[in-house]
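Trainee: Okay, so here is start-v3.csv, and as you'll see once you scroll down, it has CSV, C-alpha atoms.
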```
chain,number,residue,atom,x,y,z
Z,51,ASN,CA,0.0,0.0,0.0
Z,52,ALA,CA,1.2,3.5,-0.8
Z,53,GLY,CA,-0.7,5.0,2.1
Z,54,VAL,CA,-1.6,8.7,1.7
Z,55,THR,CA,-0.1,10.3,-1.5
Z,56,GLN,CA,0.0,14.0,-2.0
Z,57,THR,CA,0.9,16.0,-5.1
Z,58,PRO,CA,2.7,18.2,-5.8
Z,59,LYS,CA,5.5,18.3,-3.2
Z,60,PHE,CA,6.3,22.0,-3.9
Z,61,GLN,CA,4.3,24.8,-5.5
Z,62,VAL,CA,4.8,28.5,-6.0
Z,63,LEU,CA,1.8,30.6,-6.9
Z,64,LYS,CA,1.2,34.3,-7.6
Z,65,THR,CA,-1.4,36.1,-5.6
Z,66,GLY,CA,-4.8,35.5,-7.2
Z,67,GLN,CA,-4.0,32.2,-8.9
Z,68,SER,CA,-6.0,29.1,-8.2
Z,69,MET,CA,-4.8,25.5,-7.8
Z,70,THR,CA,-5.7,22.1,-6.5
Z,71,LEU,CA,-3.7,20.1,-4.1
Z,72,GLN,CA,-4.2,16.4,-4.7
Z,73,CYS,CA,-4.6,13.7,-2.0
Z,74,ALA,CA,-5.3,10.0,-2.5
Z,75,GLN,CA,-5.3,7.1,-0.1
Z,76,ASP,CA,-5.4,3.4,-0.8
Z,77,MET,CA,-6.4,2.1,2.7
Z,78,ASN,CA,-10.1,2.4,2.2
Z,79,HIS,CA,-10.4,4.9,4.9
Z,80,GLU,CA,-13.7,6.7,5.4
Z,81,TYR,CA,-12.2,9.8,7.1
Z,82,MET,CA,-9.9,12.2,5.3
Z,83,SER,CA,-8.7,15.7,6.3
Z,84,TRP,CA,-6.5,18.6,5.3
Z,85,TYR,CA,-4.2,20.4,7.7
Z,86,ARG,CA,-1.9,23.4,7.4
Z,87,GLN,CA,1.2,23.6,9.4
Z,88,ASP,CA,2.8,27.0,10.2
Z,89,PRO,CA,5.7,27.7,12.5
Z,90,GLY,CA,4.6,28.0,16.1
Z,91,MET,CA,1.0,27.2,15.2
Z,92,GLY,CA,1.0,23.4,15.1
Z,93,LEU,CA,-1.4,21.6,12.8
Z,94,ARG,CA,-4.7,23.3,12.1
Z,95,LEU,CA,-7.6,21.6,10.5
Z,96,ILE,CA,-8.9,23.1,7.3
Z,97,HIS,CA,-11.6,20.7,6.0
Z,98,TYR,CA,-12.5,17.1,6.6
Z,99,SER,CA,-14.7,14.4,5.2
Z,100,VAL,CA,-16.3,11.4,7.0
Z,101,GLY,CA,-17.1,9.7,3.8
Z,102,ALA,CA,-17.7,10.1,0.1
Z,103,GLY,CA,-20.1,12.9,-0.6
Z,104,ILE,CA,-19.7,14.4,2.9
Z,105,THR,CA,-17.5,17.3,3.8
Z,106,ASP,CA,-17.3,19.8,6.6
Z,107,GLN,CA,-15.3,22.8,7.7
Z,108,GLY,CA,-12.5,22.7,10.2
Z,109,GLU,CA,-10.8,25.4,12.2
Z,110,VAL,CA,-9.5,27.5,9.3
Z,111,PRO,CA,-11.6,26.9,6.2
Z,112,ASN,CA,-11.7,30.3,4.6
Z,113,GLY,CA,-10.2,30.5,1.1
Z,114,TYR,CA,-10.3,26.7,0.6
Z,115,ASN,CA,-12.8,24.3,-1.0
Z,116,VAL,CA,-12.9,20.5,-0.9
Z,117,SER,CA,-15.0,17.8,-2.4
Z,118,ARG,CA,-15.1,14.0,-1.9
Z,119,SER,CA,-16.5,12.3,-4.9
Z,120,THR,CA,-14.8,9.0,-4.1
Z,121,THR,CA,-13.5,7.3,-1.0
Z,122,GLU,CA,-9.9,7.5,-2.3
Z,123,ASP,CA,-9.6,11.1,-3.3
Z,124,PHE,CA,-9.9,14.4,-1.3
Z,125,PRO,CA,-8.6,17.4,-3.3
Z,126,LEU,CA,-8.1,20.8,-1.7
Z,127,ARG,CA,-8.7,23.8,-3.9
Z,128,LEU,CA,-7.3,27.3,-3.4
Z,129,LEU,CA,-9.7,29.6,-5.1
Z,130,SER,CA,-7.6,32.8,-5.2
Z,131,ALA,CA,-4.3,32.3,-3.5
Z,132,ALA,CA,-3.1,34.9,-0.9
Z,133,PRO,CA,0.3,35.2,0.7
Z,134,SER,CA,-1.3,34.2,4.0
Z,135,GLN,CA,-1.9,30.8,2.5
Z,136,THR,CA,1.9,30.2,2.3
Z,137,SER,CA,2.3,27.1,4.4
Z,138,VAL,CA,2.9,23.4,4.4
Z,139,TYR,CA,-0.2,21.4,3.7
Z,140,PHE,CA,-0.8,17.8,5.0
Z,141,CYS,CA,-3.5,15.4,4.0
Z,142,ALA,CA,-4.4,12.7,6.4
Z,143,SER,CA,-6.8,9.8,6.6
Z,144,SER,CA,-8.1,7.4,9.2
Z,145,ARG,CA,-10.5,4.4,9.3
Z,146,GLU,CA,-13.0,6.7,11.0
Z,147,GLY,CA,-13.0,10.2,12.6
Z,148,GLY,CA,-11.1,10.4,15.9
Z,149,GLU,CA,-8.9,7.5,15.2
Z,150,LYS,CA,-5.2,7.7,14.5
Z,151,LEU,CA,-4.4,9.6,11.4
Z,152,PHE,CA,-2.1,8.6,8.6
Z,153,PHE,CA,-0.4,11.6,7.0
Z,154,GLY,CA,0.9,12.3,3.5
Z,155,SER,CA,4.4,13.7,3.0
Z,156,GLY,CA,3.1,17.3,2.6
Z,157,THR,CA,2.9,20.1,0.0
Z,158,GLN,CA,5.0,23.1,0.6
Z,159,LEU,CA,3.2,26.1,-0.9
Z,160,SER,CA,4.5,29.6,-1.4
Z,161,VAL,CA,2.3,32.4,-2.5
Z,162,LEU,CA,4.1,35.5,-3.8
R,232,GLY,CA,-10.7,27.4,26.0
R,233,GLU,CA,-9.3,23.9,26.5
R,234,SER,CA,-6.2,23.0,24.6
R,235,VAL,CA,-3.3,20.6,24.3
R,236,GLY,CA,0.1,22.0,25.2
R,237,LEU,CA,3.7,20.9,25.7
R,238,HIS,CA,5.9,21.9,28.7
R,239,LEU,CA,9.2,22.1,26.7
R,240,PRO,CA,9.5,23.4,23.2
R,241,THR,CA,13.0,22.0,22.8
R,242,LEU,CA,14.8,19.1,24.4
R,243,SER,CA,18.5,18.2,23.9
R,244,VAL,CA,19.8,14.8,25.0
R,245,GLN,CA,22.9,12.7,24.7
R,246,GLU,CA,22.9,9.7,22.5
R,247,GLY,CA,22.1,6.6,24.6
R,248,ASP,CA,20.2,8.6,27.3
R,249,ASN,CA,16.5,8.3,27.9
R,250,SER,CA,14.3,11.1,26.7
R,251,ILE,CA,11.0,12.3,28.3
R,252,ILE,CA,8.7,14.5,26.3
R,253,ASN,CA,5.7,16.0,28.2
R,254,CYS,CA,2.3,17.1,27.2
R,255,ALA,CA,-0.4,18.8,29.3
R,256,TYR,CA,-4.1,18.7,28.4
R,257,SER,CA,-7.0,20.4,30.0
R,258,ASN,CA,-10.1,18.7,28.6
R,259,SER,CA,-11.4,16.1,31.0
R,260,ALA,CA,-13.5,14.7,28.2
R,261,SER,CA,-10.5,13.6,26.3
R,262,ASP,CA,-10.5,9.8,26.0
R,263,TYR,CA,-7.8,9.0,23.5
R,264,PHE,CA,-4.2,10.3,23.0
R,265,ILE,CA,-1.6,9.9,20.3
R,266,TRP,CA,2.0,10.7,19.9
R,267,TYR,CA,3.4,11.6,16.5
R,268,LYS,CA,7.0,12.0,15.3
R,269,GLN,CA,7.8,14.5,12.5
R,270,GLU,CA,11.2,14.5,10.8
R,271,SER,CA,12.3,17.5,8.8
R,272,GLY,CA,10.5,17.7,5.5
R,273,LYS,CA,8.2,14.8,6.2
R,274,GLY,CA,4.7,14.2,7.4
R,275,PRO,CA,3.8,13.3,11.0
R,276,GLN,CA,4.3,9.6,11.7
R,277,PHE,CA,2.3,7.6,14.3
R,278,ILE,CA,4.4,6.4,17.2
R,279,ILE,CA,2.0,5.1,19.9
R,280,ASP,CA,-1.4,5.8,21.3
R,281,ILE,CA,-3.2,5.2,24.6
R,282,ARG,CA,-6.9,5.2,25.6
R,283,SER,CA,-8.1,6.8,28.8
R,284,ASN,CA,-8.8,3.5,30.5
R,285,MET,CA,-5.1,2.8,30.6
R,286,ASP,CA,-2.2,4.6,32.4
R,287,LYS,CA,0.7,3.1,30.5
R,288,ARG,CA,1.4,1.5,27.2
R,289,GLN,CA,4.7,0.3,25.8
R,290,GLY,CA,6.1,0.0,22.3
R,291,GLN,CA,9.5,-0.7,20.9
R,292,ARG,CA,11.8,1.7,22.9
R,293,VAL,CA,8.8,4.0,23.6
R,294,THR,CA,6.5,4.2,26.5
R,295,VAL,CA,3.5,6.5,26.9
R,296,LEU,CA,2.3,7.4,30.4
R,297,LEU,CA,-1.1,8.9,31.1
R,298,ASN,CA,-1.9,10.6,34.4
R,299,LYS,CA,-5.6,11.6,34.3
R,300,THR,CA,-5.5,13.1,37.7
R,301,VAL,CA,-3.2,15.9,36.7
R,302,LYS,CA,-4.1,15.7,33.0
R,303,HIS,CA,-0.6,14.9,31.9
R,304,LEU,CA,0.8,12.7,29.1
R,305,SER,CA,4.4,11.8,28.5
R,306,LEU,CA,6.4,10.0,25.9
R,307,GLN,CA,9.5,8.1,27.1
R,308,ILE,CA,12.2,7.1,24.6
R,309,ALA,CA,14.7,4.6,25.8
R,310,ALA,CA,18.4,4.7,24.6
R,311,THR,CA,17.8,7.7,22.4
R,312,GLN,CA,19.4,7.5,19.0
R,313,PRO,CA,20.4,10.2,16.4
R,314,GLY,CA,17.5,9.0,14.3
R,315,ASP,CA,15.1,10.0,17.1
R,316,SER,CA,15.8,13.7,16.4
R,317,ALA,CA,12.5,15.2,15.3
R,318,VAL,CA,9.6,17.2,16.4
R,319,TYR,CA,7.2,15.2,18.6
R,320,PHE,CA,3.5,16.1,18.8
R,321,CYS,CA,0.8,14.9,21.2
R,322,ALA,CA,-2.8,14.8,20.1
R,323,GLU,CA,-6.0,14.3,22.0
R,324,ARG,CA,-9.5,13.3,21.1
R,325,ALA,CA,-12.3,14.9,23.1
R,326,TYR,CA,-15.8,13.4,22.6
R,327,ASN,CA,-17.3,16.7,23.6
R,328,GLN,CA,-15.6,18.5,20.7
R,329,GLY,CA,-16.9,16.4,17.9
R,330,GLY,CA,-14.3,13.6,18.3
R,331,LYS,CA,-11.7,15.4,16.3
R,332,LEU,CA,-8.0,15.1,17.0
R,333,ILE,CA,-6.5,18.3,18.5
R,334,PHE,CA,-2.7,18.7,18.1
R,335,GLY,CA,-0.3,20.3,20.5
R,336,GLN,CA,2.5,22.7,19.3
R,337,GLY,CA,5.3,20.1,19.3
R,338,THR,CA,8.6,19.6,21.1
R,339,GLU,CA,11.8,19.4,19.1
R,340,LEU,CA,14.1,16.6,20.3
R,341,SER,CA,17.8,17.0,19.4
R,342,VAL,CA,20.1,14.0,20.0
R,343,LYS,CA,23.8,14.8,20.5
R,344,PRO,CA,26.2,12.1,19.4
```
Could you render the structure as structure tokens?
Mentor:
Amino acid sequence: NAGVTQTPKFQVLKTGQSMTLQCAQDMNHEYMSWYRQDPGMGLRLIHYSVGAGITDQGEVPNGYNVSRSTTEDFPLRLLSAAPSQTSVYFCASSREGGEKLFFGSGTQLSVL
Amino acid sequence: GESVGLHLPTLSVQEGDNSIINCAYSNSASDYFIWYKQESGKGPQFIIDIRSNMDKRQGQRVTVLLNKTVKHLSLQIAATQPGDSAVYFCAERAYNQGGKLIFGQGTELSVKP
């Protein structure tokens, strides 16, 4: 099993550009989530999904959209990138919500 | 508000010594705790977990201790190795907060050869 796969690993955007961070898991996990990690701020939950077709907001959802059309995939969309969205983004999944999370290797995003 | 926090932001130990990383929590409704290790440039990696009906759990070279009386969690690493150098996070699950995992800020462990 590959576990949780994130692409790309690095991305540079200009302010106002849009992009999608990809996340896929092959563990048949129902729960998937996106976090951002900033220095001194720990991991903050952006959006999460408890199953295909179901998504909900986390702690810091503004400026991001998600969808969950399949169990395997959970893409994160930045609609109009802002410098404040410069961060490292992690996708994670678990068998169900509240259980131990398996993390991807992260996407380092810089918005200029 | 209630949160997970760490006593020490940085910890430096000599190779071969034992390491103890501490975590305080304030939510009495937390029933599940996890320790993660994050190496530079990588995602957090699960180390060990413990449920609130236990006070100790052991893994390979790691032990997690839970003291519910004082709301304290610790991770003990035996015979610390250079490969243990990383940031360690604790996370808690509180059933009165939707059952989501809440992460602490992290402690950086540095192992001196």
Trainee: Neighbouring residues of Z:Phe152 were defined as those with any atom within 7 Å, considering all atoms listed in the file; residues of the same chain fewer than 2 positions away were excluded. Please report them as a short mmCIF file (atom, residue, chain, number, x, y, z; two decimals) with C-alpha atoms, in the coordinates of the input.
Mentor:
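Ended up saving to around.cif:
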```
data_model
loop_
_atom_site.label_atom_id
_atom_site.label_comp_id
_atom_site.auth_asym_id
_atom_site.auth_seq_id
_atom_site.Cartn_x
_atom_site.Cartn_y
_atom_site.Cartn_z
CA VAL Z 54 -1.60 8.70 1.70
CA ALA Z 142 -4.40 12.70 6.40
CA SER Z 143 -6.80 9.80 6.60
CA SER Z 144 -8.10 7.40 9.20
CA LYS Z 150 -5.20 7.70 14.50
CA GLY Z 154 0.90 12.30 3.50
#
```
Trainee: Just to confirm, what's the straight-line distance from atom CA of R:Gln276 to atom CA of R:Phe264 in Å (one decimal)?
Mentor: 14.2 Å
Trainee: Given the choices Z:Gly101, Z:Val62, Z:Thr57, Z:Gly147, which gets closest to Z:Ser160 if the distance is worked out from all atoms listed in the file?
Mentor: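 For Z:Ser160, the nearest of the candidates is Z:Val62.
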Trainee: I'd like the contact shell of Z:Val161 - 6 Å cut-off, only C-alpha atoms, skipping same-chain residues fewer than 2 positions apart - returned as a ChimeraX atom specification.
Mentor: /Z:62-64,133,136
Trainee: Taking all atoms listed in the file into account, which of Z:Ser117, Z:Gln135, Z:Gln87, Z:Gln67 comes nearest chain R?
Mentor: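 Answer, going by the shortest atom-to-atom distance: Z:Gln87.
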Trainee: Using all atoms listed in the file, find which residues of chain Z lie within 8 Å of chain R and jot them down as a ChimeraX atom specification.
Mentor: /Z:90-94,140,147-156
Trainee: Point out the residue among R:Ser261, R:Gln289, R:Thr294, R:Asn253 with the least atom-to-atom distance to R:Tyr319, counting all atoms listed in the file.
Mentor: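 Looking only at the distances to R:Tyr319, the closest residue turns out to be R:Asn253.
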Trainee: Set the distance at 8 Å and use all atoms listed in the file: which residues neighbour Z:Asp106 once local chain neighbours fewer than 5 positions away are removed? I'd like the list as a PyMOL selection string.
Mentor: chain Z and resi 97-99
Trainee: Since fewer atoms than expected are present, regenerate all heavy atoms for stretch 63-74 of chain Z and write them as a PDB file, in the frame of the given file.
Mentor:
```pdb
ATOM      1  N   LEU Z  63       2.947  29.950  -6.242  1.00  0.00           N
ATOM      2  CA  LEU Z  63       1.800  30.600  -6.900  1.00  0.00           C
ATOM      3  C   LEU Z  63       1.983  32.122  -6.797  1.00  0.00           C
ATOM      4  O   LEU Z  63       2.630  32.621  -5.866  1.00  0.00           O
ATOM      5  CB  LEU Z  63       0.500  30.221  -6.284  1.00  0.00           C
ATOM      6  CG  LEU Z  63       0.029  28.790  -6.405  1.00  0.00           C
ATOM      7  CD1 LEU Z  63      -1.270  28.618  -5.622  1.00  0.00           C
ATOM      8  CD2 LEU Z  63      -0.180  28.410  -7.861  1.00  0.00           C
ATOM      9  N   LYS Z  64       1.358  32.816  -7.712  1.00  0.00           N
ATOM     10  CA  LYS Z  64       1.200  34.300  -7.600  1.00  0.00           C
ATOM     11  C   LYS Z  64      -0.110  34.562  -6.931  1.00  0.00           C
ATOM     12  O   LYS Z  64      -1.082  33.796  -7.063  1.00  0.00           O
ATOM     13  CB  LYS Z  64       1.310  34.921  -8.956  1.00  0.00           C
ATOM     14  CG  LYS Z  64       2.662  34.768  -9.628  1.00  0.00           C
ATOM     15  CD  LYS Z  64       2.678  35.455 -10.978  1.00  0.00           C
ATOM     16  CE  LYS Z  64       4.047  35.308 -11.648  1.00  0.00           C
ATOM     17  NZ  LYS Z  64       4.087  35.935 -12.997  1.00  0.00           N
ATOM     18  N   THR Z  65      -0.169  35.671  -6.242  1.00  0.00           N
ATOM     19  CA  THR Z  65      -1.400  36.100  -5.600  1.00  0.00           C
ATOM     20  C   THR Z  65      -2.547  36.116  -6.638  1.00  0.00           C
ATOM     21  O   THR Z  65      -2.382  36.664  -7.741  1.00  0.00           O
ATOM     22  CB  THR Z  65      -1.256  37.479  -4.987  1.00  0.00           C
ATOM     23  OG1 THR Z  65      -0.268  37.402  -3.953  1.00  0.00           O
ATOM     24  CG2 THR Z  65      -2.553  37.973  -4.388  1.00  0.00           C
ATOM     25  N   GLY Z  66      -3.679  35.500  -6.269  1.00  0.00           N
ATOM     26  CA  GLY Z  66      -4.800  35.500  -7.200  1.00  0.00           C
ATOM     27  C   GLY Z  66      -4.961  34.224  -7.995  1.00  0.00           C
ATOM     28  O   GLY Z  66      -6.035  33.939  -8.527  1.00  0.00           O
ATOM     29  N   GLN Z  67      -3.883  33.457  -8.113  1.00  0.00           N
ATOM     30  CA  GLN Z  67      -4.000  32.200  -8.900  1.00  0.00           C
ATOM     31  C   GLN Z  67      -4.734  31.170  -8.095  1.00  0.00           C
ATOM     32  O   GLN Z  67      -4.828  31.227  -6.864  1.00  0.00           O
ATOM     33  CB  GLN Z  67      -2.559  31.700  -9.207  1.00  0.00           C
ATOM     34  CG  GLN Z  67      -1.840  32.479 -10.283  1.00  0.00           C
ATOM     35  CD  GLN Z  67      -0.509  31.844 -10.657  1.00  0.00           C
ATOM     36  OE1 GLN Z  67       0.297  31.480  -9.792  1.00  0.00           O
ATOM     37  NE2 GLN Z  67      -0.275  31.710 -11.956  1.00  0.00           N
ATOM     38  N   SER Z  68      -5.263  30.201  -8.833  1.00  0.00           N
ATOM     39  CA  SER Z  68      -6.000  29.100  -8.200  1.00  0.00           C
ATOM     40  C   SER Z  68      -5.189  27.809  -8.472  1.00  0.00           C
ATOM     41  O   SER Z  68      -4.430  27.727  -9.451  1.00  0.00           O
ATOM     42  CB  SER Z  68      -7.379  28.980  -8.712  1.00  0.00           C
ATOM     43  OG  SER Z  68      -7.368  28.707 -10.108  1.00  0.00           O
ATOM     44  N   MET Z  69      -5.367  26.842  -7.607  1.00  0.00           N
ATOM     45  CA  MET Z  69      -4.800  25.500  -7.800  1.00  0.00           C
ATOM     46  C   MET Z  69      -5.428  24.504  -6.963  1.00  0.00           C
ATOM     47  O   MET Z  69      -6.183  24.841  -6.028  1.00  0.00           O
ATOM     48  CB  MET Z  69      -3.265  25.555  -7.576  1.00  0.00           C
ATOM     49  CG  MET Z  69      -2.876  25.491  -6.124  1.00  0.00           C
ATOM     50  SD  MET Z  69      -1.196  24.885  -5.886  1.00  0.00           S
ATOM     51  CE  MET Z  69      -1.319  23.208  -6.515  1.00  0.00           C
ATOM     52  N   THR Z  70      -5.148  23.251  -7.271  1.00  0.00           N
ATOM     53  CA  THR Z  70      -5.700  22.100  -6.500  1.00  0.00           C
ATOM     54  C   THR Z  70      -4.549  21.268  -5.990  1.00  0.00           C
ATOM     55  O   THR Z  70      -3.672  20.867  -6.748  1.00  0.00           O
ATOM     56  CB  THR Z  70      -6.626  21.280  -7.383  1.00  0.00           C
ATOM     57  OG1 THR Z  70      -7.724  22.089  -7.829  1.00  0.00           O
ATOM     58  CG2 THR Z  70      -7.167  20.099  -6.595  1.00  0.00           C
ATOM     59  N   LEU Z  71      -4.580  21.017  -4.696  1.00  0.00           N
ATOM     60  CA  LEU Z  71      -3.700  20.100  -4.100  1.00  0.00           C
ATOM     61  C   LEU Z  71      -4.348  18.695  -4.100  1.00  0.00           C
ATOM     62  O   LEU Z  71      -5.482  18.577  -3.622  1.00  0.00           O
ATOM     63  CB  LEU Z  71      -3.298  20.459  -2.666  1.00  0.00           C
ATOM     64  CG  LEU Z  71      -2.770  21.876  -2.440  1.00  0.00           C
ATOM     65  CD1 LEU Z  71      -2.363  22.050  -0.987  1.00  0.00           C
ATOM     66  CD2 LEU Z  71      -1.617  22.184  -3.363  1.00  0.00           C
ATOM     67  N   GLN Z  72      -3.636  17.705  -4.594  1.00  0.00           N
ATOM     68  CA  GLN Z  72      -4.200  16.400  -4.700  1.00  0.00           C
ATOM     69  C   GLN Z  72      -3.880  15.517  -3.510  1.00  0.00           C
ATOM     70  O   GLN Z  72      -2.786  15.605  -2.947  1.00  0.00           O
ATOM     71  CB  GLN Z  72      -3.760  15.691  -5.991  1.00  0.00           C
ATOM     72  CG  GLN Z  72      -4.075  16.433  -7.267  1.00  0.00           C
ATOM     73  CD  GLN Z  72      -5.562  16.472  -7.573  1.00  0.00           C
ATOM     74  OE1 GLN Z  72      -6.367  15.710  -7.012  1.00  0.00           O
ATOM     75  NE2 GLN Z  72      -5.966  17.372  -8.468  1.00  0.00           N
ATOM     76  N   CYS Z  73      -4.835  14.669  -3.126  1.00  0.00           N
ATOM     77  CA  CYS Z  73      -4.600  13.700  -2.000  1.00  0.00           C
ATOM     78  C   CYS Z  73      -5.359  12.435  -2.377  1.00  0.00           C
ATOM     79  O   CYS Z  73      -6.548  12.475  -2.723  1.00  0.00           O
ATOM     80  CB  CYS Z  73      -5.099  14.271  -0.720  1.00  0.00           C
ATOM     81  SG  CYS Z  73      -4.961  13.079   0.640  1.00  0.00           S
ATOM     82  N   ALA Z  74      -4.664  11.318  -2.258  1.00  0.00           N
ATOM     83  CA  ALA Z  74      -5.300  10.000  -2.500  1.00  0.00           C
ATOM     84  C   ALA Z  74      -4.795   9.027  -1.453  1.00  0.00           C
ATOM     85  O   ALA Z  74      -3.641   9.075  -1.041  1.00  0.00           O
ATOM     86  CB  ALA Z  74      -4.948   9.514  -3.892  1.00  0.00           C
TER      87      ALA Z  74
END
```
